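Here the structure comes first, spelled out in C-alpha cells, and everything after it is commentary.
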Amino acid sequence: MRMKGAQIFVECLLRENVEVIFGIPGGVVLSIYDQLYDAPIKHVLMRHEQAAAHAADGYARASGKVGVCLATSGPGATNLVTGIVTAHMDSVPLVVFTGNVPTHLIGNDAFQEADIVGITRPCTKHNYLVRRTEDLPRIIKEAFYIASTGRPGPVLVDMPKDLLLSDAEFSYPETVSLRGYRPVVEADPHQIEAAARALMEAQRPVVYAGGGIITSGASAELLEVAELAEIPVTTTLMGIGGFPTVHRLSLGMLGMHGTWYANTAISHADLLFAIGVRFDDRVTGKLEEFAADAKKIHVEIDPSEINKNVPVDLPILGDAKLVLQQLKPHLVKMRAEMPPEWHRERRAWLDQIEQWKREHPLCYDDDDEVIKPQRLIEEIARVTQGDAIISVDVGQHQMWAAQFYRFKRPRTWLSSSGLGAMGFGFPAAIGAQMARPDQLVVAIVGDGGFQMTMQELATVAEHRLPIKVVIVNNAYLGMVRQWQQIFFNGRYSAVDLSLSPDFARLAEAFGIVGYRVTRPAALADTIKEAFSIPGPVVLDVHVAPEENVYPMVPPGASIKEMIEGQYKSPKTFQLT
Amino acid sequence: MNQTISLLVENKSGVLARIAGLFSARGYNIESLSVAKTDDPTLSHITMVVNLEPRVVAHLLKLLDKMIDVISVANLSDGKTVERELVLLKVRVDPSQRMEILKEAELFRARVIDVGSDSYIFEATGDTEKIEAFIELFRKYEIEEVARTGAVAMARGLTSPHRVTATGGSS
C-alpha cells in the first residue's frame, strides 16, 4: 500500500507496539503531528525537549520497553542531546526521532538546521539519516532492534521533511538483517563451570552487581545464585533494586558513597564476581587497589567492557540472566557435594561481614529542630514500604536516597548514574508514571536540579499525573558545597540557592497541591497526607543545609580510604 | 609503535566519520588511512596505521567491532601480513641531472609517470620503510610535492581475518 512518509512513520510505531511518545512539535514534523492527531498513540507534550528525552528514558527504565521521543529539527534536536547521552551512558533503550530540513537544504545552514546525526554520532548506539521514504520501515525496524538488544542504548533516526511528505510503498519488514551486529547472549559452558567452581571454592567471595542485572531481568536469578553459593552482594548505583536492600547477604551500594562494609568486603575479597558492571571510576576509586587481592570474574554482554579498566581472570561474555541460569545447576550440584568445612568457612566470612555491618552502619545525627535529609528518605521508605518507583536527580539527595531507601524490586530506582545529569529526576518520573499508571512514583530531587526542568510541572498538571515530587531543599548546590567544604577550605563559590522560589506556591500556580515542611515533627504526617492525595503533589522539604554525604571516598583515593561522618548520637540505618 | 588495523565495513555515508570519531574523541592521531570498496561494492576495506600502545589498540578494536556498520576488525601487526603503500613524488630536474635521477629511481623500481620540461613525477610502491627511504634519497634534489596513499595491508595465505557471515540477528 502506498502511503505518505509521515503515515508510514506512525504505522511503524504501531507495529513496534509503541503506546506513548514524548515530544514537542515544530516546523519540519508538522506532517507527523497531523498523523498523530487521530492515531492510537498517546503523545505527551513536554515543555522542553531535554525533558522529552528524559521522560522517554524514565519510561524505558520503569517498564523495560523502548522509550520513544520526537522533536523537530535544529534546536528541538539539540535540546535532546543531554537526554540521549544520559541514556547512552546508562544503557537505556531509546529510539529518538528528529525531523530535519528538506533534503535539498541539508548542509545549507537552513532555518532550524543542525547536523544532529553528526552531533549524536558519538553518543548513540547507532544513528540514521533517512535518505529515501521507502527506507523508513527498514530503518525504524532496525532502530528498535538495535536499541533493545545486546547492551541497549539510544538510536536516533533523523528524517528530512520532504521524505515525510512524499509517497512510498509500505510494508513492514518481519526480520532484521545486520551483518555487522550480532549480540552475544549465551556464555561458553566451560567458562560457566569454571566460574561456578571459583564461586564455591573462594573463601571470601563478593558479588559486585550492576545495571546489567536490571536490564536483563536477572534479579530473581541473582538472589538464587547468591543464596546457593552464600555470597554477599553489593550493587552499583545502576544496580539498585537488582538485589533487595534488606537481606542477610545485602551489602548495599559500593563506591564513592557506598557503605563502609561493601567497600571493606571488596577490599578483603579473594574472589570478585562482577556482573553487568563496568568498573566505573566512582565505583573503583584508585584502580590498582580495587579488590587487589581478588581473583576477578567479569560477566558482561559488551566485549569492549572486558579488561577495559581492570584486568580480569575469567571473562564471561553473555547476558547476565542467562549466565546466572547457566550457573545455577552447577552450584546446586557443587553445594550438595561440599564438605562441612565449607559451611563453616562461609559462615566465618558472613559473620565477619555482619560484624562490619554492626560496627560501621550507615548513620546520621537526627535532630528535633531541623529535618535531616536521611530522615526524610527513611520516612519516605516507611510510608511507601519500598513499593514506590523512586526517580532521583543528581547530587546529595541522590546518594541519600541510594543509601537510605529500602528497595525490594528492580525498575523501581531511576537515576542518571553515568552522566549525572541534573534535571533528570522529575521528567524521568513523568515517563515512569506513564509506563506504570497504577504505581506510586516519587521524584526525589534537589532544589538545584529541580530548577533545571521544573517547567514540566505544566505537563504533570495537564495529565494529572499523580507524581509526588519531594524537593530535598538545602538551599545549596549541596554536593558541590560538600566538595568545596572538604577540598576547597569551605570557600562556597556559586552554590547558594537561598533565593529559590517558594516551591509549594509555585506548584499551586500550576494547579498542583504544594506543601512546605520545615519542622521534623510535621514530617511524617505531611508525607503521609501528601502521598494519599490522588493527584500530583510537590513537597518542599527544608533540610539541614550543611549535611554531608558519608562515607566518602575522596576522588582518586582507594576505596579503603573512606571518610566517615562524625556523629554525636548516631541513628543507624537498620537492615531489618 | 605503529600498529596496522584492518576493517571491513559497510560502504555507506557516515561510517568513516564514526570510525575517525572514536580516535579523535580520545585525542589519538591516525598516521595513515586508506579506504576503498572491495570486490563486493557494498563493502569497504579500511587500513589504518596508528601509533598507540597495543593495549589501547586492543580496546579500540573492540569498540570498532561494536559499531553496527563495522563488519569485522583485525590487528595486522603480527608480521604475518603484507603491507604496501604507493607514493607519487614530483621532483624538479635540472637537465644535467636527468640521467642520475632516473638511475636512482630505478633502484627503487619507481616508474616515471609524468615528464615535464623541468620535472618528473615518479610512482613507487612498497612497504612504508621502502617509501620512506625513497623519499629520503630524493631529498638531495628539489622535491616539489609528495602524495602517499597510506598503507594497505592483508594477512598472508588463505587465513583471512575477515570472514563475512551471511546475516546478523533478527527479531
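Here, A, B, ... name the chains of the C-alpha cells in the order displayed, residue numbers run from 1 inside each chain, and ligands are numbered from 1 in the same displayed order.
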Region 151-159 of chain B environment, 9 Å, only C-alpha atoms, sequence neighbours closer than 6 positions dropped, as a PDB file with all heavy atoms, in the first residue's frame:
ATOM      1  N   THR B   4      48.931  -1.728  12.632  1.00  0.00           N
ATOM      2  CA  THR B   4      48.086  -1.680  11.447  1.00  0.00           C
ATOM      3  C   THR B   4      46.748  -2.342  11.746  1.00  0.00           C
ATOM      4  O   THR B   4      46.708  -3.492  12.181  1.00  0.00           O
ATOM      5  CB  THR B   4      48.774  -2.398  10.274  1.00  0.00           C
ATOM      6  OG1 THR B   4      50.061  -1.813  10.109  1.00  0.00           O
ATOM      7  CG2 THR B   4      47.967  -2.249   9.000  1.00  0.00           C
ATOM      8  N   ILE B   5      45.703  -1.583  11.545  1.00  0.00           N
ATOM      9  CA  ILE B   5      44.351  -2.079  11.805  1.00  0.00           C
ATOM     10  C   ILE B   5      43.646  -2.252  10.473  1.00  0.00           C
ATOM     11  O   ILE B   5      43.721  -1.377   9.600  1.00  0.00           O
ATOM     12  CB  ILE B   5      43.557  -1.064  12.663  1.00  0.00           C
ATOM     13  CG1 ILE B   5      44.190  -0.924  14.042  1.00  0.00           C
ATOM     14  CG2 ILE B   5      42.092  -1.470  12.781  1.00  0.00           C
ATOM     15  CD1 ILE B   5      43.605   0.225  14.856  1.00  0.00           C
ATOM     16  N   SER B   6      42.967  -3.371  10.318  1.00  0.00           N
ATOM     17  CA  SER B   6      42.243  -3.637   9.086  1.00  0.00           C
ATOM     18  C   SER B   6      40.764  -3.809   9.417  1.00  0.00           C
ATOM     19  O   SER B   6      40.412  -4.536  10.344  1.00  0.00           O
ATOM     20  CB  SER B   6      42.816  -4.902   8.454  1.00  0.00           C
ATOM     21  OG  SER B   6      41.986  -5.351   7.427  1.00  0.00           O
ATOM     22  N   SER B  32      48.039   6.887   9.140  1.00  0.00           N
ATOM     23  CA  SER B  32      47.650   6.781   7.740  1.00  0.00           C
ATOM     24  C   SER B  32      46.327   6.042   7.635  1.00  0.00           C
ATOM     25  O   SER B  32      45.931   5.303   8.540  1.00  0.00           O
ATOM     26  CB  SER B  32      48.737   6.100   6.908  1.00  0.00           C
ATOM     27  OG  SER B  32      48.541   4.711   6.867  1.00  0.00           O
ATOM     28  N   LEU B  33      45.646   6.281   6.534  1.00  0.00           N
ATOM     29  CA  LEU B  33      44.300   5.758   6.370  1.00  0.00           C
ATOM     30  C   LEU B  33      44.065   5.501   4.905  1.00  0.00           C
ATOM     31  O   LEU B  33      44.365   6.354   4.065  1.00  0.00           O
ATOM     32  CB  LEU B  33      43.311   6.816   6.889  1.00  0.00           C
ATOM     33  CG  LEU B  33      41.818   6.567   6.699  1.00  0.00           C
ATOM     34  CD1 LEU B  33      41.376   5.397   7.559  1.00  0.00           C
ATOM     35  CD2 LEU B  33      41.033   7.808   7.097  1.00  0.00           C
ATOM     36  N   SER B  34      43.569   4.318   4.602  1.00  0.00           N
ATOM     37  CA  SER B  34      43.224   4.071   3.217  1.00  0.00           C
ATOM     38  C   SER B  34      41.876   3.367   3.152  1.00  0.00           C
ATOM     39  O   SER B  34      41.610   2.444   3.923  1.00  0.00           O
ATOM     40  CB  SER B  34      44.351   3.270   2.564  1.00  0.00           C
ATOM     41  OG  SER B  34      43.877   2.100   2.011  1.00  0.00           O
ATOM     42  N   VAL B  35      40.999   3.856   2.317  1.00  0.00           N
ATOM     43  CA  VAL B  35      39.632   3.343   2.231  1.00  0.00           C
ATOM     44  C   VAL B  35      39.245   3.169   0.777  1.00  0.00           C
ATOM     45  O   VAL B  35      39.422   4.082  -0.023  1.00  0.00           O
ATOM     46  CB  VAL B  35      38.613   4.342   2.831  1.00  0.00           C
ATOM     47  CG1 VAL B  35      37.237   3.693   2.975  1.00  0.00           C
ATOM     48  CG2 VAL B  35      39.085   4.916   4.144  1.00  0.00           C
ATOM     49  N   HIS B  45      37.003  -1.691   2.483  1.00  0.00           N
ATOM     50  CA  HIS B  45      38.124  -2.157   3.298  1.00  0.00           C
ATOM     51  C   HIS B  45      38.906  -0.928   3.759  1.00  0.00           C
ATOM     52  O   HIS B  45      39.267  -0.091   2.942  1.00  0.00           O
ATOM     53  CB  HIS B  45      39.009  -3.084   2.455  1.00  0.00           C
ATOM     54  CG  HIS B  45      39.993  -3.844   3.267  1.00  0.00           C
ATOM     55  ND1 HIS B  45      40.521  -5.043   2.868  1.00  0.00           N
ATOM     56  CD2 HIS B  45      40.541  -3.585   4.479  1.00  0.00           C
ATOM     57  CE1 HIS B  45      41.357  -5.471   3.801  1.00  0.00           C
ATOM     58  NE2 HIS B  45      41.387  -4.603   4.773  1.00  0.00           N
ATOM     59  N   ILE B  46      39.102  -0.844   5.051  1.00  0.00           N
ATOM     60  CA  ILE B  46      39.853   0.278   5.609  1.00  0.00           C
ATOM     61  C   ILE B  46      41.146  -0.254   6.213  1.00  0.00           C
ATOM     62  O   ILE B  46      41.119  -1.234   6.966  1.00  0.00           O
ATOM     63  CB  ILE B  46      39.044   1.006   6.709  1.00  0.00           C
ATOM     64  CG1 ILE B  46      37.772   1.618   6.116  1.00  0.00           C
ATOM     65  CG2 ILE B  46      39.890   2.063   7.417  1.00  0.00           C
ATOM     66  CD1 ILE B  46      36.925   2.383   7.122  1.00  0.00           C
ATOM     67  N   THR B  47      42.252   0.357   5.862  1.00  0.00           N
ATOM     68  CA  THR B  47      43.506   0.054   6.553  1.00  0.00           C
ATOM     69  C   THR B  47      43.949   1.324   7.267  1.00  0.00           C
ATOM     70  O   THR B  47      44.032   2.386   6.651  1.00  0.00           O
ATOM     71  CB  THR B  47      44.606  -0.401   5.582  1.00  0.00           C
ATOM     72  OG1 THR B  47      44.078  -1.448   4.760  1.00  0.00           O
ATOM     73  CG2 THR B  47      45.824  -0.907   6.333  1.00  0.00           C
ATOM     74  N   MET B  48      44.196   1.193   8.573  1.00  0.00           N
ATOM     75  CA  MET B  48      44.623   2.350   9.362  1.00  0.00           C
ATOM     76  C   MET B  48      45.938   2.011  10.038  1.00  0.00           C
ATOM     77  O   MET B  48      46.111   0.895  10.531  1.00  0.00           O
ATOM     78  CB  MET B  48      43.636   2.650  10.499  1.00  0.00           C
ATOM     79  CG  MET B  48      42.260   2.952  10.055  1.00  0.00           C
ATOM     80  SD  MET B  48      41.192   3.036  11.498  1.00  0.00           S
ATOM     81  CE  MET B  48      41.384   4.732  11.898  1.00  0.00           C
ATOM     82  N   VAL B  49      46.828   2.990  10.062  1.00  0.00           N
ATOM     83  CA  VAL B  49      48.044   2.828  10.849  1.00  0.00           C
ATOM     84  C   VAL B  49      47.988   3.837  11.989  1.00  0.00           C
ATOM     85  O   VAL B  49      47.716   5.023  11.753  1.00  0.00           O
ATOM     86  CB  VAL B  49      49.312   3.020   9.995  1.00  0.00           C
ATOM     87  CG1 VAL B  49      50.566   2.916  10.865  1.00  0.00           C
ATOM     88  CG2 VAL B  49      49.352   1.990   8.882  1.00  0.00           C
ATOM     89  N   LEU B  76      46.639  -6.197  12.198  1.00  0.00           N
ATOM     90  CA  LEU B  76      47.597  -6.839  11.291  1.00  0.00           C
ATOM     91  C   LEU B  76      49.030  -6.453  11.665  1.00  0.00           C
ATOM     92  O   LEU B  76      49.838  -6.140  10.815  1.00  0.00           O
ATOM     93  CB  LEU B  76      47.300  -6.444   9.842  1.00  0.00           C
ATOM     94  CG  LEU B  76      45.949  -6.879   9.274  1.00  0.00           C
ATOM     95  CD1 LEU B  76      45.852  -6.502   7.803  1.00  0.00           C
ATOM     96  CD2 LEU B  76      45.732  -8.371   9.431  1.00  0.00           C
ATOM     97  N   GLY B  79      53.118  -9.363  11.901  1.00  0.00           N
ATOM     98  CA  GLY B  79      54.194  -9.741  10.994  1.00  0.00           C
ATOM     99  C   GLY B  79      53.768 -10.744   9.941  1.00  0.00           C
ATOM    100  O   GLY B  79      54.445 -10.908   8.925  1.00  0.00           O
ATOM    101  N   LYS B  80      52.659 -11.445  10.140  1.00  0.00           N
ATOM    102  CA  LYS B  80      52.212 -12.411   9.145  1.00  0.00           C
ATOM    103  C   LYS B  80      51.331 -11.743   8.096  1.00  0.00           C
ATOM    104  O   LYS B  80      50.293 -12.259   7.706  1.00  0.00           O
ATOM    105  CB  LYS B  80      51.445 -13.555   9.830  1.00  0.00           C
ATOM    106  CG  LYS B  80      52.340 -14.411  10.705  1.00  0.00           C
ATOM    107  CD  LYS B  80      51.540 -15.447  11.444  1.00  0.00           C
ATOM    108  CE  LYS B  80      52.413 -16.148  12.470  1.00  0.00           C
ATOM    109  NZ  LYS B  80      51.645 -16.606  13.621  1.00  0.00           N
ATOM    110  N   THR B  81      51.735 -10.562   7.726  1.00  0.00           N
ATOM    111  CA  THR B  81      50.928  -9.797   6.782  1.00  0.00           C
ATOM    112  C   THR B  81      51.822  -9.175   5.722  1.00  0.00           C
ATOM    113  O   THR B  81      53.039  -9.034   5.920  1.00  0.00           O
ATOM    114  CB  THR B  81      50.190  -8.649   7.499  1.00  0.00           C
ATOM    115  OG1 THR B  81      51.170  -7.847   8.152  1.00  0.00           O
ATOM    116  CG2 THR B  81      49.203  -9.169   8.504  1.00  0.00           C
ATOM    117  N   VAL B  82      51.220  -8.797   4.613  1.00  0.00           N
ATOM    118  CA  VAL B  82      51.941  -7.976   3.638  1.00  0.00           C
ATOM    119  C   VAL B  82      51.308  -6.592   3.663  1.00  0.00           C
ATOM    120  O   VAL B  82      50.106  -6.446   3.877  1.00  0.00           O
ATOM    121  CB  VAL B  82      51.876  -8.560   2.215  1.00  0.00           C
ATOM    122  CG1 VAL B  82      52.789  -9.767   2.110  1.00  0.00           C
ATOM    123  CG2 VAL B  82      50.464  -8.918   1.814  1.00  0.00           C
ATOM    124  N   GLU B  83      52.161  -5.599   3.435  1.00  0.00           N
ATOM    125  CA  GLU B  83      51.704  -4.227   3.551  1.00  0.00           C
ATOM    126  C   GLU B  83      52.343  -3.439   2.416  1.00  0.00           C
ATOM    127  O   GLU B  83      53.541  -3.598   2.140  1.00  0.00           O
ATOM    128  CB  GLU B  83      52.191  -3.695   4.904  1.00  0.00           C
ATOM    129  CG  GLU B  83      51.429  -2.509   5.418  1.00  0.00           C
ATOM    130  CD  GLU B  83      51.823  -2.162   6.853  1.00  0.00           C
ATOM    131  OE1 GLU B  83      51.660  -3.019   7.741  1.00  0.00           O
ATOM    132  OE2 GLU B  83      52.307  -1.042   7.053  1.00  0.00           O
ATOM    133  N   ARG B  84      51.565  -2.634   1.748  1.00  0.00           N
ATOM    134  CA  ARG B  84      52.111  -1.821   0.660  1.00  0.00           C
ATOM    135  C   ARG B  84      51.515  -0.429   0.713  1.00  0.00           C
ATOM    136  O   ARG B  84      50.367  -0.257   1.088  1.00  0.00           O
ATOM    137  CB  ARG B  84      51.742  -2.431  -0.708  1.00  0.00           C
ATOM    138  CG  ARG B  84      52.502  -3.686  -1.087  1.00  0.00           C
ATOM    139  CD  ARG B  84      53.979  -3.408  -1.326  1.00  0.00           C
ATOM    140  NE  ARG B  84      54.711  -4.607  -1.657  1.00  0.00           N
ATOM    141  CZ  ARG B  84      55.274  -5.420  -0.748  1.00  0.00           C
ATOM    142  NH1 ARG B  84      55.171  -5.150   0.550  1.00  0.00           N
ATOM    143  NH2 ARG B  84      55.922  -6.500  -1.128  1.00  0.00           N
ATOM    144  N   GLU B  85      52.334   0.539   0.302  1.00  0.00           N
ATOM    145  CA  GLU B  85      51.732   1.821   0.001  1.00  0.00           C
ATOM    146  C   GLU B  85      52.327   2.366  -1.287  1.00  0.00           C
ATOM    147  O   GLU B  85      53.324   1.852  -1.796  1.00  0.00           O
ATOM    148  CB  GLU B  85      51.828   2.806   1.159  1.00  0.00           C
ATOM    149  CG  GLU B  85      53.192   3.321   1.524  1.00  0.00           C
ATOM    150  CD  GLU B  85      53.079   4.438   2.563  1.00  0.00           C
ATOM    151  OE1 GLU B  85      52.475   5.482   2.256  1.00  0.00           O
ATOM    152  OE2 GLU B  85      53.598   4.272   3.692  1.00  0.00           O
ATOM    153  N   LEU B  86      51.669   3.356  -1.811  1.00  0.00           N
ATOM    154  CA  LEU B  86      52.093   3.943  -3.075  1.00  0.00           C
ATOM    155  C   LEU B  86      52.397   5.414  -2.837  1.00  0.00           C
ATOM    156  O   LEU B  86      51.697   6.063  -2.057  1.00  0.00           O
ATOM    157  CB  LEU B  86      50.971   3.772  -4.104  1.00  0.00           C
ATOM    158  CG  LEU B  86      51.225   4.283  -5.513  1.00  0.00           C
ATOM    159  CD1 LEU B  86      50.525   3.370  -6.522  1.00  0.00           C
ATOM    160  CD2 LEU B  86      50.720   5.711  -5.713  1.00  0.00           C
ATOM    161  N   ASP B 127      56.676  -1.316   1.027  1.00  0.00           N
ATOM    162  CA  ASP B 127      56.251  -1.128   2.414  1.00  0.00           C
ATOM    163  C   ASP B 127      56.693   0.263   2.865  1.00  0.00           C
ATOM    164  O   ASP B 127      57.405   0.980   2.156  1.00  0.00           O
ATOM    165  CB  ASP B 127      56.773  -2.248   3.317  1.00  0.00           C
ATOM    166  CG  ASP B 127      58.283  -2.348   3.302  1.00  0.00           C
ATOM    167  OD1 ASP B 127      58.944  -1.339   2.958  1.00  0.00           O
ATOM    168  OD2 ASP B 127      58.817  -3.419   3.628  1.00  0.00           O
ATOM    169  N   THR B 128      56.228   0.637   4.026  1.00  0.00           N
ATOM    170  CA  THR B 128      56.449   2.000   4.483  1.00  0.00           C
ATOM    171  C   THR B 128      57.929   2.356   4.540  1.00  0.00           C
ATOM    172  O   THR B 128      58.332   3.446   4.138  1.00  0.00           O
ATOM    173  CB  THR B 128      55.786   2.178   5.863  1.00  0.00           C
ATOM    174  OG1 THR B 128      54.399   1.876   5.697  1.00  0.00           O
ATOM    175  CG2 THR B 128      55.934   3.591   6.389  1.00  0.00           C
TER     176      THR B 128
END
(request) Just need the residues of chain A within 12 Å of chain B, counting only C-alpha atoms, so spit them out as an NGL selection string. (result) :A and (16 or 115 or 117-131 or 141-151 or 155 or 173-185 or 301-309 or 311)
Same residues, C-alpha atoms, output as a short mmCIF file (atom, residue, chain, number, x, y, z; two decimals), in the first residue's frame:
data_model
loop_
_atom_site.label_atom_id
_atom_site.label_comp_id
_atom_site.auth_asym_id
_atom_site.auth_seq_id
_atom_site.Cartn_x
_atom_site.Cartn_y
_atom_site.Cartn_z
CA GLU A 16 6.52 -1.75 17.29
CA ASP A 115 23.68 18.26 11.95
CA VAL A 117 23.39 12.91 13.10
CA GLY A 118 26.91 14.30 13.38
CA ILE A 119 26.27 15.70 16.85
CA THR A 120 24.90 12.43 18.22
CA ARG A 121 27.25 10.04 16.43
CA PRO A 122 29.46 9.52 19.50
CA CYS A 123 26.56 9.37 21.98
CA THR A 124 24.16 6.96 20.34
CA LYS A 125 24.42 3.22 19.90
CA HIS A 126 23.66 3.91 16.26
CA ASN A 127 22.02 6.66 14.23
CA TYR A 128 20.47 7.15 10.83
CA LEU A 129 19.86 9.95 8.37
CA VAL A 130 16.97 8.67 6.27
CA ARG A 131 17.61 9.33 2.58
CA LYS A 141 12.63 -1.73 12.48
CA GLU A 142 16.43 -1.76 12.82
CA ALA A 143 16.36 1.17 15.26
CA PHE A 144 14.05 -0.63 17.69
CA TYR A 145 16.02 -3.86 17.30
CA ILE A 146 19.40 -2.22 17.92
CA ALA A 147 18.13 -0.10 20.82
CA SER A 148 16.67 -3.05 22.71
CA THR A 149 19.08 -5.94 22.10
CA GLY A 150 22.58 -6.73 23.32
CA ARG A 151 23.73 -3.86 25.51
CA VAL A 155 19.27 5.07 18.49
CA PRO A 173 9.86 -5.99 7.49
CA GLU A 174 9.45 -9.15 9.56
CA THR A 175 13.10 -9.53 10.40
CA VAL A 176 16.26 -7.52 10.72
CA SER A 177 19.39 -8.38 8.82
CA LEU A 178 22.53 -6.63 10.05
CA ARG A 179 25.74 -8.39 9.16
CA GLY A 180 27.79 -6.15 11.46
CA TYR A 181 25.64 -6.67 14.58
CA ARG A 182 25.42 -9.98 16.39
CA PRO A 183 24.94 -9.52 20.12
CA VAL A 184 26.25 -12.43 22.17
CA VAL A 185 23.79 -13.83 24.68
CA ILE A 301 27.37 -8.60 27.41
CA ASP A 302 29.60 -5.93 25.87
CA PRO A 303 33.06 -7.28 24.92
CA SER A 304 34.55 -3.77 24.97
CA GLU A 305 33.93 -3.52 28.73
CA ILE A 306 36.03 -6.60 29.49
CA ASN A 307 39.58 -5.70 30.56
CA LYS A 308 38.81 -2.01 29.91
CA ASN A 309 39.72 -0.73 33.38
CA PRO A 311 42.34 -6.98 34.02
#
(message) Based on the backbone DSSP call, show me all residues of region 458-528 of chain A assigned alpha helix (DSSP H), as a PyMOL selection string.
(response) chain A and resi 458-463+478-487+503-509+520-528
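When CA of Glu341 (chain A) is paired with CA of Val312 (chain A), their separation reads 28.4 Å.
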(message) Need the shell around Pro102 (chain A): protein/DNA/RNA residues with any atom at most 8 Å away, counting only C-alpha atoms. Skip same-chain ones fewer than 4 positions apart. Format as a list in words?
(response) Ile106, Pro160, Lys161, Asp162 and Leu163 of chain A
(request) For region 509-521 of chain A, list every protein, DNA or RNA residue within 9 Å, evaluated using only C-alpha atoms, and leave out those in the same chain fewer than 5 positions away; present the list as a PyMOL selection string. (result) chain A and resi 367-372+375-376+457-458+460-461+464+502-504+526+530+533+535-543
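Going from CA of Ile113 (chain B) to CA of Ala147 (chain B) covers 13.7 Å.
Rounded to one decimal, CA of Gly58 (chain A) and CA of Pro551 (chain A) lie 28.4 Å from each other.
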(request) List every residue of region 273-399 of chain A that DSSP, applied to the backbone of this structure, assigns to strand (DSSP E), and report them as a ChimeraX atom specification. (result) /A:273-275,295-300,314-317,363-365,389-392
